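Okay, protein-v5.cif is below, mmCIF, C-alpha atoms:
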```
data_protein
#
loop_
_atom_site.label_atom_id
_atom_site.label_comp_id
_atom_site.auth_asym_id
_atom_site.auth_seq_id
_atom_site.Cartn_x
_atom_site.Cartn_y
_atom_site.Cartn_z
CA MET V 1 -7.13 -18.91 -15.07
CA GLN V 2 -7.97 -19.13 -18.74
CA GLU V 3 -6.85 -16.63 -21.30
CA TRP V 4 -8.37 -16.09 -24.72
CA LYS V 5 -9.16 -19.48 -26.36
CA PRO V 6 -9.26 -19.70 -30.18
CA GLN V 7 -12.20 -22.17 -30.23
CA ILE V 8 -14.55 -19.86 -28.33
CA SER V 9 -15.51 -16.58 -29.99
CA TYR V 10 -14.42 -13.34 -28.35
CA ALA V 11 -18.04 -12.41 -27.72
CA GLU V 12 -18.66 -15.73 -26.00
CA GLN V 13 -15.49 -15.53 -23.91
CA PHE V 14 -16.18 -11.94 -22.82
CA PRO V 15 -19.94 -11.33 -22.77
CA ALA V 16 -21.18 -7.76 -22.83
CA ALA V 17 -22.23 -5.73 -19.78
CA MET V 18 -19.21 -6.77 -17.71
CA ALA V 19 -15.62 -5.60 -17.17
CA TYR V 20 -12.57 -7.85 -17.66
CA VAL V 21 -9.03 -7.16 -16.47
CA PRO V 22 -6.50 -9.37 -18.31
CA TRP V 23 -4.57 -11.86 -16.20
CA GLN V 24 -0.99 -10.84 -15.56
CA ARG V 25 0.79 -12.28 -18.60
CA ASN V 26 4.42 -11.92 -17.66
CA CYS V 27 5.21 -13.28 -14.21
CA ASN V 28 8.95 -12.57 -14.43
CA MET V 29 10.38 -10.58 -11.56
CA TYR V 30 13.01 -7.84 -11.61
CA GLU V 31 16.42 -9.48 -11.09
CA ASN V 32 17.54 -6.64 -8.92
CA LEU V 33 15.53 -6.24 -5.71
CA ASP V 34 16.81 -2.64 -5.33
CA GLU V 35 15.20 -1.72 -8.61
CA ALA V 36 11.96 -3.51 -7.72
CA PHE V 37 11.77 -1.75 -4.34
CA LYS V 38 12.34 1.74 -5.80
CA THR V 39 9.86 1.03 -8.60
CA GLY V 40 7.14 -0.19 -6.23
CA THR V 41 6.59 -3.62 -7.81
CA ILE V 42 8.63 -6.80 -8.41
CA PHE V 43 6.87 -7.30 -11.77
CA PRO V 44 8.09 -5.15 -14.67
CA GLU V 45 4.76 -5.75 -16.43
CA LEU V 46 2.99 -3.78 -13.69
CA ASN V 47 5.39 -0.81 -13.72
CA LYS V 48 3.40 2.13 -15.14
CA PRO V 49 5.09 5.38 -13.98
CA PHE V 50 3.48 8.84 -14.04
CA LEU V 51 5.02 11.10 -16.67
CA GLY V 52 2.62 14.05 -16.59
CA ARG V 53 2.67 14.43 -20.38
CA ARG V 54 1.70 12.49 -23.48
CA VAL V 55 4.51 10.38 -25.00
CA LYS V 56 4.70 10.49 -28.79
CA GLY V 57 5.11 7.24 -30.79
CA MET U 1 -5.60 -10.62 13.75
CA TRP U 2 -2.83 -8.12 13.32
CA ASN U 3 0.78 -7.82 14.42
CA TYR U 4 3.00 -4.77 14.06
CA GLU U 5 6.45 -4.61 12.55
CA LYS U 6 8.49 -1.71 13.87
CA ARG U 7 9.47 -0.45 10.44
CA LEU U 8 7.80 1.49 7.61
CA GLN U 9 7.09 -0.52 4.44
CA TYR U 10 9.22 2.04 2.51
CA PRO U 11 11.55 4.61 4.13
CA VAL U 12 10.43 8.19 4.75
CA LYS U 13 13.27 10.63 5.40
CA ILE U 14 12.28 14.23 4.84
CA THR U 15 14.84 16.81 5.93
CA GLN U 16 12.94 19.99 4.91
CA THR U 17 9.64 20.82 6.59
CA ASN U 18 6.83 22.09 4.34
CA PRO U 19 3.43 22.62 5.99
CA LYS U 20 1.87 23.80 2.71
CA ILE U 21 2.37 20.46 1.00
CA ALA U 22 1.54 18.56 4.21
CA GLN U 23 -1.99 20.00 4.02
CA VAL U 24 -2.39 18.44 0.57
CA ILE U 25 -0.80 15.07 1.33
CA ILE U 26 -2.99 14.56 4.41
CA SER U 27 -5.80 13.71 1.97
CA GLN U 28 -4.15 10.34 1.45
CA TYR U 29 -4.59 9.73 5.18
CA GLY U 30 -8.17 10.81 5.91
CA GLY U 31 -9.52 11.73 2.50
CA PRO U 32 -12.16 9.92 0.42
CA ASP U 33 -9.61 8.15 -1.78
CA GLY U 34 -6.97 7.74 0.90
CA GLU U 35 -5.23 4.76 2.41
CA LEU U 36 -7.34 4.58 5.57
CA ALA U 37 -10.56 4.49 3.55
CA ALA U 38 -9.03 1.81 1.33
CA SER U 39 -8.06 -0.34 4.30
CA MET U 40 -11.46 -0.03 6.00
CA ARG U 41 -13.22 -0.74 2.69
CA TYR U 42 -11.39 -3.98 1.94
CA LEU U 43 -11.34 -5.26 5.51
CA ALA U 44 -15.10 -4.64 5.77
CA GLN U 45 -15.96 -6.36 2.47
CA ARG U 46 -14.01 -9.56 3.20
CA TYR U 47 -16.38 -11.14 5.75
CA THR U 48 -19.14 -12.00 3.33
CA MET U 49 -16.93 -12.68 0.29
CA PRO U 50 -17.80 -16.27 -0.66
CA TYR U 51 -14.48 -17.09 -2.40
CA ASN U 52 -11.53 -17.80 -0.12
CA THR U 53 -8.88 -16.50 -2.49
CA VAL U 54 -10.74 -13.21 -2.93
CA ALA U 55 -11.20 -12.89 0.86
CA GLY U 56 -7.43 -13.39 0.94
CA VAL U 57 -6.86 -10.55 -1.51
CA LEU U 58 -9.13 -8.24 0.52
CA THR U 59 -7.40 -9.16 3.79
CA ASP U 60 -3.86 -8.85 2.44
CA ILE U 61 -4.39 -5.62 0.53
CA GLY U 62 -6.44 -4.20 3.43
CA THR U 63 -3.50 -4.95 5.69
CA GLU U 64 -0.97 -3.38 3.31
CA GLU U 65 -3.06 -0.19 3.25
CA LEU U 66 -2.58 0.12 7.03
CA ALA U 67 1.17 0.27 6.34
CA HIS U 68 0.47 2.89 3.68
CA PHE U 69 -1.45 5.27 5.91
CA GLU U 70 1.38 4.85 8.39
CA MET U 71 3.74 6.12 5.67
CA ILE U 72 1.45 9.06 4.86
CA CYS U 73 1.34 9.97 8.55
CA ALA U 74 5.16 9.77 8.74
CA ILE U 75 5.37 12.10 5.70
CA VAL U 76 2.97 14.65 7.20
CA TYR U 77 4.65 14.35 10.63
CA GLN U 78 8.11 15.04 9.18
CA LEU U 79 6.81 17.87 6.97
CA THR U 80 5.38 19.66 10.01
CA ARG U 81 7.98 18.87 12.66
CA ASN U 82 9.02 21.68 15.02
CA LEU U 83 7.13 24.38 13.14
CA THR U 84 7.19 27.86 14.67
CA PRO U 85 3.94 29.84 15.12
CA GLU U 86 5.12 32.17 12.35
CA GLU U 87 5.59 29.28 9.91
CA ILE U 88 2.18 27.91 10.89
CA LYS U 89 0.43 31.24 10.25
CA GLU U 90 2.30 31.95 7.04
CA SER U 91 1.52 28.57 5.43
CA GLY U 92 -2.21 28.43 6.19
CA PHE U 93 -1.60 25.43 8.43
CA ASP U 94 -3.12 27.46 11.29
CA LYS U 95 -6.64 26.18 10.58
CA TYR U 96 -5.56 22.57 11.21
CA TYR U 97 -3.12 23.51 14.01
CA VAL U 98 -5.74 25.24 16.16
CA ASP U 99 -7.69 21.97 16.51
CA HIS U 100 -4.83 19.45 16.45
CA THR U 101 -1.55 21.30 17.11
CA LEU U 102 0.98 19.17 15.19
CA ALA U 103 -0.77 15.85 15.81
CA LEU U 104 -2.05 13.63 13.01
CA TRP U 105 -5.84 13.48 12.59
CA PRO U 106 -7.54 11.82 9.64
CA GLN U 107 -9.18 14.42 7.41
CA ALA U 108 -9.23 15.34 3.73
CA ALA U 109 -7.19 18.28 2.42
CA GLY U 110 -10.44 20.27 2.18
CA GLY U 111 -11.22 19.64 5.86
CA ILE U 112 -13.88 16.93 5.75
CA PRO U 113 -13.14 14.46 8.54
CA PHE U 114 -12.61 10.79 7.76
CA ASN U 115 -15.94 8.98 7.88
CA ALA U 116 -17.46 5.72 6.70
CA CYS U 117 -19.32 7.50 3.87
CA GLU U 118 -15.91 7.58 2.15
CA PHE U 119 -16.28 3.92 1.30
CA GLN U 120 -18.90 1.33 0.55
CA SER U 121 -19.23 -2.32 1.49
CA LYS U 122 -22.23 -3.24 -0.62
CA GLY U 123 -22.37 -7.00 -0.02
CA ASP U 124 -22.49 -7.94 -3.70
CA VAL U 125 -19.40 -9.68 -5.11
CA ILE U 126 -19.29 -7.89 -8.46
CA THR U 127 -20.24 -4.48 -7.04
CA ASP U 128 -17.67 -4.59 -4.25
CA LEU U 129 -14.84 -5.63 -6.56
CA MET U 130 -15.76 -2.83 -8.99
CA GLU U 131 -15.74 -0.43 -6.00
CA ASP U 132 -12.28 -1.68 -5.10
CA MET U 133 -10.92 -1.27 -8.64
CA ALA U 134 -12.34 2.28 -8.72
CA ALA U 135 -10.83 3.01 -5.30
CA GLU U 136 -7.35 2.05 -6.52
CA GLN U 137 -7.71 4.31 -9.58
CA LYS U 138 -8.94 7.21 -7.43
CA ALA U 139 -5.94 6.79 -5.15
CA ARG U 140 -3.61 6.65 -8.16
CA THR U 141 -5.10 9.85 -9.54
CA THR U 142 -4.65 11.55 -6.16
CA TYR U 143 -0.97 10.59 -6.19
CA ASP U 144 -0.64 11.88 -9.79
CA ASN U 145 -2.10 15.18 -8.54
CA ILE U 146 0.34 15.28 -5.63
CA LEU U 147 3.31 14.55 -7.92
CA ARG U 148 2.42 17.59 -10.05
CA LEU U 149 2.63 19.81 -6.97
CA VAL U 150 5.65 18.38 -5.14
CA LYS U 151 9.22 18.85 -6.33
CA ASP U 152 11.16 17.76 -3.24
CA PRO U 153 12.69 14.36 -4.16
CA GLU U 154 12.57 13.23 -0.52
CA VAL U 155 8.77 13.57 -0.66
CA CYS U 156 8.34 12.34 -4.25
CA ASP U 157 10.21 9.10 -3.53
CA PRO U 158 7.76 7.51 -1.04
CA ILE U 159 4.80 9.04 -2.94
CA LYS U 160 5.91 7.35 -6.19
CA PHE U 161 6.20 4.03 -4.30
CA LEU U 162 2.67 4.39 -2.91
CA ARG U 163 1.34 5.27 -6.37
CA ALA U 164 2.91 2.15 -7.90
CA ARG U 165 1.20 -0.01 -5.24
CA GLU U 166 -2.21 1.27 -6.38
CA ILE U 167 -1.65 -0.09 -9.88
CA VAL U 168 -0.62 -3.50 -8.57
CA HIS U 169 -3.67 -3.58 -6.27
CA PHE U 170 -5.89 -2.68 -9.22
CA GLN U 171 -4.49 -5.69 -11.11
CA ARG U 172 -5.18 -8.04 -8.17
CA PHE U 173 -8.76 -6.80 -7.76
CA GLY U 174 -9.23 -7.18 -11.51
CA GLU U 175 -8.00 -10.77 -11.26
CA SER U 176 -10.34 -11.30 -8.28
CA LEU U 177 -13.23 -10.18 -10.49
CA ARG U 178 -12.14 -12.74 -13.11
CA ILE U 179 -12.18 -15.40 -10.38
CA ALA U 180 -15.70 -14.34 -9.39
CA GLN U 181 -16.79 -14.48 -13.05
CA GLU U 182 -15.44 -18.03 -13.34
CA ASN U 183 -17.77 -18.98 -10.49
CA LEU U 184 -20.83 -17.43 -12.12
CA ASP U 185 -22.88 -18.18 -15.22
CA SER U 186 -21.48 -16.04 -18.05
CA ARG U 187 -24.88 -15.99 -19.78
CA ASN U 188 -25.99 -13.68 -16.98
CA PHE U 189 -23.49 -12.63 -14.31
CA TYR U 190 -26.18 -10.65 -12.51
CA ALA U 191 -28.80 -13.37 -12.12
CA PHE U 192 -28.12 -13.63 -8.41
CA ASN U 193 -25.74 -12.39 -5.71
CA PRO U 194 -23.59 -15.26 -4.38
CA GLU U 195 -23.19 -13.35 -1.09
CA PHE U 196 -26.89 -13.64 -0.37
CA ASP U 197 -28.97 -15.78 -2.74
CA LYS U 198 -28.80 -19.58 -2.59
CA MET C 1 13.06 25.59 7.63
CA ASN C 2 13.42 22.87 10.22
CA ILE C 3 14.71 19.35 10.01
CA GLY C 4 11.76 17.01 9.51
CA CYS C 5 13.31 13.62 10.21
CA LYS C 6 15.74 12.34 12.82
CA PRO C 7 19.17 11.66 11.34
CA CYS C 8 20.37 8.10 11.03
CA MET C 9 23.70 7.75 12.83
CA ASP C 10 24.62 4.17 11.98
CA SER C 11 24.78 3.41 8.28
CA GLU C 12 25.35 -0.34 8.86
CA ARG C 13 22.12 -0.48 10.83
CA GLN C 14 20.25 1.45 8.13
CA LYS C 15 21.68 -0.83 5.43
CA LEU C 16 20.49 -3.99 7.20
CA LEU C 17 17.05 -2.50 7.79
CA LEU C 18 16.82 -1.57 4.12
CA GLU C 19 17.74 -5.15 3.13
CA ILE C 20 14.94 -6.43 5.36
CA SER C 21 12.49 -3.97 3.79
CA LYS C 22 13.45 -5.03 0.26
CA VAL C 23 13.09 -8.76 1.00
CA ASP C 24 9.81 -8.18 2.85
CA PHE C 25 8.57 -6.18 -0.13
CA ALA C 26 9.23 -9.14 -2.45
CA LEU C 27 7.30 -11.29 0.03
CA LYS C 28 4.32 -8.91 0.00
CA GLU C 29 4.27 -8.84 -3.79
CA LEU C 30 4.43 -12.63 -3.95
CA ASN C 31 1.73 -12.87 -1.26
CA LEU C 32 -0.69 -10.80 -3.38
CA TYR C 33 0.30 -12.64 -6.57
CA LEU C 34 -0.26 -16.05 -4.98
CA ASP C 35 -3.67 -14.98 -3.61
CA THR C 36 -4.90 -14.86 -7.23
CA HIS C 37 -2.51 -17.55 -8.55
CA PRO C 38 -2.78 -20.11 -5.71
CA TYR C 39 -1.27 -23.03 -7.66
CA ASP C 40 1.81 -21.28 -9.02
CA GLN C 41 4.62 -23.55 -7.83
CA GLN C 42 7.44 -21.19 -8.80
CA GLY C 43 5.76 -18.36 -6.91
CA MET C 44 5.46 -20.49 -3.78
CA GLU C 45 9.09 -21.56 -4.01
CA ASN C 46 10.19 -17.93 -4.38
CA PHE C 47 8.08 -17.06 -1.34
CA ARG C 48 9.67 -19.83 0.74
CA GLN C 49 13.18 -18.66 -0.15
CA TYR C 50 12.56 -15.00 0.57
CA ASN C 51 10.77 -15.90 3.81
CA ALA C 52 13.77 -17.89 5.05
CA LEU C 53 16.04 -14.98 4.12
CA LYS C 54 13.84 -12.44 5.88
CA ASN C 55 13.71 -14.49 9.09
CA LYS C 56 17.49 -14.70 9.12
CA LEU C 57 17.94 -10.97 8.50
CA VAL C 58 15.39 -10.03 11.18
CA LYS C 59 17.12 -12.30 13.70
CA ASP C 60 20.47 -10.64 12.82
CA TYR C 61 19.01 -7.16 13.20
CA THR C 62 17.35 -8.00 16.51
CA GLU C 63 20.62 -9.34 17.97
CA LYS C 64 22.65 -6.32 16.81
CA TYR C 65 20.24 -3.43 17.25
CA GLY C 66 16.88 -4.26 18.81
CA PRO C 67 13.47 -5.80 18.09
CA LEU C 68 11.40 -5.31 14.95
CA VAL C 69 8.65 -7.74 15.99
CA LEU C 70 7.41 -8.84 19.40
CA SER C 71 7.86 -12.50 18.50
CA ILE C 72 11.65 -12.10 18.25
CA VAL C 73 12.74 -10.20 21.32
CA ASP C 74 16.14 -10.25 22.99
CA MET C 75 15.26 -11.84 26.31
CA ASP C 76 18.78 -11.24 27.69
CA SER C 77 18.53 -7.50 27.53
CA ARG C 78 17.77 -5.59 30.72
CA GLU C 79 15.98 -2.93 28.66
CA TRP C 80 12.57 -3.31 26.96
CA LYS C 81 13.94 -1.96 23.69
CA TRP C 82 10.66 -2.47 21.86
CA ALA C 83 9.34 0.57 23.74
CA THR C 84 12.47 2.57 24.55
CA GLN C 85 13.95 2.72 21.04
CA ASP C 86 12.73 5.29 18.51
CA TRP C 87 9.65 4.60 16.39
CA PRO C 88 9.88 4.37 12.59
CA TRP C 89 7.96 7.57 11.74
CA GLU C 90 10.80 9.61 13.29
CA GLY C 91 12.88 8.91 10.19
CA GLY C 92 16.11 7.81 11.85
CA TYR C 93 15.91 4.12 11.15
CA ASN C 94 12.76 3.21 9.28
#
```
So, in terms of C-alpha cells, how does the structure I just supplied come out?
Amino acid sequence: MQEWKPQISYAEQFPAAMAYVPWQRNCNMYENLDEAFKTGTIFPELNKPFLGRRVKG
Amino acid sequence: MWNYEKRLQYPVKITQTNPKIAQVIISQYGGPDGELAASMRYLAQRYTMPYNTVAGVLTDIGTEELAHFEMICAIVYQLTRNLTPEEIKESGFDKYYVDHTLALWPQAAGGIPFNACEFQSKGDVITDLMEDMAAEQKARTTYDNILRLVKDPEVCDPIKFLRAREIVHFQRFGESLRIAQENLDSRNFYAFNPEFDK
Amino acid sequence: MNIGCKPCMDSERQKLLLEISKVDFALKELNLYLDTHPYDQQGMENFRQYNALKNKLVKDYTEKYGPLVLSIVDMDSREWKWATQDWPWEGGYN
C-alpha cells in the first residue's frame, strides 16, 4: 500500500493510460456510531453528501 | 454460502404511500444501475479473480448489495401498500399493477425487465474493476436523481444511506485496482490478463 | 393516502434492534476496509470488539423478542418464531 514516494517521479509512480484511486488517507472513524449510521459510513473521509447545487469557495 | 439476518441493514419506515415515486425507485431494484445488477455483477466476477483480497471485496460488496435491494423492495412495498384501484389508476401505476398487482418484480422504471445484459463479467482483472467502479458511480447518480424528485424525509433517509454506500464501494474497488496494479508490471499493465494468460 | 409501514409498538425492542444495526454497520464497514487493508492491526482489533458486542446484543434480543438468525434460536419456545413473527420489510421492527 504505497503512497506517493519522493524518490520516484510522479510519471514513474503513476504511468499513463491507467486510472488510480488514492488509498484512503484518514482511517479515523466517527466517534459517534449514531452519526456514522445516519451518514452511511464510519469514515468521515468518505462522507460526500449530495447537495444538488454548486458550493462557492 | 449465504445466511439471512431477519433485519434490514438500515430501517425503512414509510407512513405515506406514494405509487408515483415507487415507479421511479423500482429502478434501483431491477434497473441497469440497480442493486440487484450490482450484486450479480460482483458475485459473478469473483470466481476468476486471481487475488484473494480482491475476491474478498467482490464477495463482501456483492453480499451487501443483496441487503440493499432488500431495502429498495421494502421502500417500494411500503410506498404501494393497500392502494385502492382509484389510486392505482390515478398515479399511472396501473401498467405495472396489471402484470404484478402489488408484488415486487425486478424491472427498470422505464419497464425493461432485469436481465444479465445489465452487467458484465468480462474476465479481465483491470476491465472488471473499472466496470465495478463505473457501476458504483452510475448507482450514485441514480440516487442523486431520486433525491431531486423525492421530498418525503421518510423516503430520503434510507435513500441517502444507500447513496453513501456507493461512494464507499467505489473507494474499495479503486483500492482493489491499486492492488491489481501492484501485482502487474507498471511498464505495461495490459501486457497480459492474469485471469487467463500464464 | 394509506399507511405504508406497520407501526412499531414496543420502543424498547426497536431501540435494541437499532443498536444491533448500528454495531453491525460498523462491522460491515470494517470488513470492507480490512479486505483492502488486510494487515491493519487496529482495524482488526476494532472488528473483534464490535463483533463481541454484536453477538451479545443479538443474544439479548433473541431472548427478549425472538430470533434474528437461525444459528441463535430459542429452543425452549413452543413457537417457531423465526417464521411466525413479522418480516423486516413490513416496517414494524426492522
Practice task
Just need the residues of chain U within 6 Å of chain V, counting only C-alpha atoms, so spit them out as a ChimeraX atom specification.
Solution key: /U:161,164,174
Please save C-alpha atoms of the selected residues as a JSON list (two decimals), in the frame of the given file.
```json
[["chain", "number", "residue", "atom", "x", "y", "z"],
["U", 161, "PHE", "CA", 6.20, 4.03, -4.30],
["U", 164, "ALA", "CA", 2.91, 2.15, -7.90],
["U", 174, "GLY", "CA", -9.23, -7.18, -11.51]]
```
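Among C:Gly92, C:Gly43, C:Gly66, C:Pro38, the residue with the shortest atom-to-atom distance to Cys5 (chain C), counting all atoms listed in the file, is C:Gly92.
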Residues of chain U within 10 Å of chain C, using all atoms listed in the file, as a CSV table (one decimal) with C-alpha atoms, in the coordinates of the input?
```
chain,number,residue,atom,x,y,z
U,3,ASN,CA,0.8,-7.8,14.4
U,4,TYR,CA,3.0,-4.8,14.1
U,5,GLU,CA,6.4,-4.6,12.6
U,6,LYS,CA,8.5,-1.7,13.9
U,7,ARG,CA,9.5,-0.4,10.4
U,8,LEU,CA,7.8,1.5,7.6
U,9,GLN,CA,7.1,-0.5,4.4
U,10,TYR,CA,9.2,2.0,2.5
U,11,PRO,CA,11.6,4.6,4.1
U,12,VAL,CA,10.4,8.2,4.8
U,13,LYS,CA,13.3,10.6,5.4
U,14,ILE,CA,12.3,14.2,4.8
U,15,THR,CA,14.8,16.8,5.9
U,16,GLN,CA,12.9,20.0,4.9
U,17,THR,CA,9.6,20.8,6.6
U,18,ASN,CA,6.8,22.1,4.3
U,52,ASN,CA,-11.5,-17.8,-0.1
U,53,THR,CA,-8.9,-16.5,-2.5
U,54,VAL,CA,-10.7,-13.2,-2.9
U,55,ALA,CA,-11.2,-12.9,0.9
U,56,GLY,CA,-7.4,-13.4,0.9
U,57,VAL,CA,-6.9,-10.6,-1.5
U,58,LEU,CA,-9.1,-8.2,0.5
U,59,THR,CA,-7.4,-9.2,3.8
U,60,ASP,CA,-3.9,-8.8,2.4
U,61,ILE,CA,-4.4,-5.6,0.5
U,64,GLU,CA,-1.0,-3.4,3.3
U,70,GLU,CA,1.4,4.8,8.4
U,71,MET,CA,3.7,6.1,5.7
U,72,ILE,CA,1.4,9.1,4.9
U,73,CYS,CA,1.3,10.0,8.6
U,74,ALA,CA,5.2,9.8,8.7
U,75,ILE,CA,5.4,12.1,5.7
U,76,VAL,CA,3.0,14.6,7.2
U,77,TYR,CA,4.6,14.4,10.6
U,78,GLN,CA,8.1,15.0,9.2
U,79,LEU,CA,6.8,17.9,7.0
U,80,THR,CA,5.4,19.7,10.0
U,81,ARG,CA,8.0,18.9,12.7
U,82,ASN,CA,9.0,21.7,15.0
U,83,LEU,CA,7.1,24.4,13.1
U,84,THR,CA,7.2,27.9,14.7
U,87,GLU,CA,5.6,29.3,9.9
U,165,ARG,CA,1.2,0.0,-5.2
U,168,VAL,CA,-0.6,-3.5,-8.6
U,169,HIS,CA,-3.7,-3.6,-6.3
U,171,GLN,CA,-4.5,-5.7,-11.1
U,172,ARG,CA,-5.2,-8.0,-8.2
U,173,PHE,CA,-8.8,-6.8,-7.8
U,174,GLY,CA,-9.2,-7.2,-11.5
U,175,GLU,CA,-8.0,-10.8,-11.3
U,176,SER,CA,-10.3,-11.3,-8.3
U,178,ARG,CA,-12.1,-12.7,-13.1
U,179,ILE,CA,-12.2,-15.4,-10.4
```
Fill in the blank from the handout: Expressed in Å, the length from CA of Gln85 (chain C) to CA of His68 (chain U) is 22.0 Å
Practice task
Could you please determine the separation between CA of Ile72 (chain C) and CA of Glu35 (chain U) in Å, to one decimal place?
Solution key: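 We find that CA of Ile72 (chain C) and CA of Glu35 (chain U) lie 28.6 Å from each other.
CA of Leu27 (chain C) is found 6.9 Å from CA of Asn51 (chain C).
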Any chance you could build region 7-27 of chain C out to N, CA and C atoms and write it as a PDB file, in the coordinates of the input?
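And here's rebuild18.pdb as it stands now:
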```
ATOM      1  N   PRO C   7      18.092  12.184  12.179  1.00  0.00           N
ATOM      2  CA  PRO C   7      19.170  11.660  11.340  1.00  0.00           C
ATOM      3  C   PRO C   7      19.473  10.212  11.703  1.00  0.00           C
ATOM      4  N   CYS C   8      19.989   9.468  10.719  1.00  0.00           N
ATOM      5  CA  CYS C   8      20.370   8.100  11.030  1.00  0.00           C
ATOM      6  C   CYS C   8      21.875   8.072  11.240  1.00  0.00           C
ATOM      7  N   MET C   9      22.302   7.646  12.417  1.00  0.00           N
ATOM      8  CA  MET C   9      23.700   7.750  12.830  1.00  0.00           C
ATOM      9  C   MET C   9      24.542   6.555  12.424  1.00  0.00           C
ATOM     10  N   ASP C  10      23.880   5.415  12.220  1.00  0.00           N
ATOM     11  CA  ASP C  10      24.620   4.170  11.980  1.00  0.00           C
ATOM     12  C   ASP C  10      24.238   3.633  10.607  1.00  0.00           C
ATOM     13  N   SER C  11      25.151   3.788   9.651  1.00  0.00           N
ATOM     14  CA  SER C  11      24.780   3.410   8.280  1.00  0.00           C
ATOM     15  C   SER C  11      24.693   1.893   8.121  1.00  0.00           C
ATOM     16  N   GLU C  12      25.447   1.129   8.935  1.00  0.00           N
ATOM     17  CA  GLU C  12      25.350  -0.340   8.860  1.00  0.00           C
ATOM     18  C   GLU C  12      23.962  -0.782   9.281  1.00  0.00           C
ATOM     19  N   ARG C  13      23.454  -0.129  10.330  1.00  0.00           N
ATOM     20  CA  ARG C  13      22.120  -0.480  10.830  1.00  0.00           C
ATOM     21  C   ARG C  13      21.065  -0.159   9.775  1.00  0.00           C
ATOM     22  N   GLN C  14      21.205   1.035   9.158  1.00  0.00           N
ATOM     23  CA  GLN C  14      20.250   1.450   8.130  1.00  0.00           C
ATOM     24  C   GLN C  14      20.309   0.502   6.935  1.00  0.00           C
ATOM     25  N   LYS C  15      21.523   0.075   6.575  1.00  0.00           N
ATOM     26  CA  LYS C  15      21.680  -0.830   5.430  1.00  0.00           C
ATOM     27  C   LYS C  15      20.959  -2.151   5.675  1.00  0.00           C
ATOM     28  N   LEU C  16      21.126  -2.705   6.880  1.00  0.00           N
ATOM     29  CA  LEU C  16      20.490  -3.990   7.200  1.00  0.00           C
ATOM     30  C   LEU C  16      18.975  -3.848   7.210  1.00  0.00           C
ATOM     31  N   LEU C  17      18.500  -2.738   7.756  1.00  0.00           N
ATOM     32  CA  LEU C  17      17.050  -2.500   7.790  1.00  0.00           C
ATOM     33  C   LEU C  17      16.485  -2.375   6.372  1.00  0.00           C
ATOM     34  N   LEU C  18      17.245  -1.731   5.510  1.00  0.00           N
ATOM     35  CA  LEU C  18      16.820  -1.570   4.120  1.00  0.00           C
ATOM     36  C   LEU C  18      16.758  -2.931   3.415  1.00  0.00           C
ATOM     37  N   GLU C  19      17.748  -3.785   3.692  1.00  0.00           N
ATOM     38  CA  GLU C  19      17.740  -5.150   3.130  1.00  0.00           C
ATOM     39  C   GLU C  19      16.477  -5.880   3.550  1.00  0.00           C
ATOM     40  N   ILE C  20      16.147  -5.778   4.844  1.00  0.00           N
ATOM     41  CA  ILE C  20      14.940  -6.430   5.360  1.00  0.00           C
ATOM     42  C   ILE C  20      13.703  -5.893   4.632  1.00  0.00           C
ATOM     43  N   SER C  21      13.646  -4.569   4.457  1.00  0.00           N
ATOM     44  CA  SER C  21      12.490  -3.970   3.790  1.00  0.00           C
ATOM     45  C   SER C  21      12.360  -4.458   2.359  1.00  0.00           C
ATOM     46  N   LYS C  22      13.499  -4.595   1.662  1.00  0.00           N
ATOM     47  CA  LYS C  22      13.450  -5.030   0.260  1.00  0.00           C
ATOM     48  C   LYS C  22      12.963  -6.475   0.171  1.00  0.00           C
ATOM     49  N   VAL C  23      13.487  -7.346   1.025  1.00  0.00           N
ATOM     50  CA  VAL C  23      13.090  -8.760   1.000  1.00  0.00           C
ATOM     51  C   VAL C  23      11.612  -8.890   1.402  1.00  0.00           C
ATOM     52  N   ASP C  24      11.213  -8.133   2.411  1.00  0.00           N
ATOM     53  CA  ASP C  24       9.810  -8.180   2.850  1.00  0.00           C
ATOM     54  C   ASP C  24       8.885  -7.673   1.757  1.00  0.00           C
ATOM     55  N   PHE C  25       9.379  -6.706   0.968  1.00  0.00           N
ATOM     56  CA  PHE C  25       8.570  -6.180  -0.130  1.00  0.00           C
ATOM     57  C   PHE C  25       8.326  -7.271  -1.177  1.00  0.00           C
ATOM     58  N   ALA C  26       9.393  -8.029  -1.504  1.00  0.00           N
ATOM     59  CA  ALA C  26       9.230  -9.140  -2.450  1.00  0.00           C
ATOM     60  C   ALA C  26       8.204 -10.136  -1.912  1.00  0.00           C
ATOM     61  N   LEU C  27       8.254 -10.366  -0.597  1.00  0.00           N
ATOM     62  CA  LEU C  27       7.300 -11.290   0.030  1.00  0.00           C
ATOM     63  C   LEU C  27       5.871 -10.787  -0.109  1.00  0.00           C
TER      64      LEU C  27
END
```
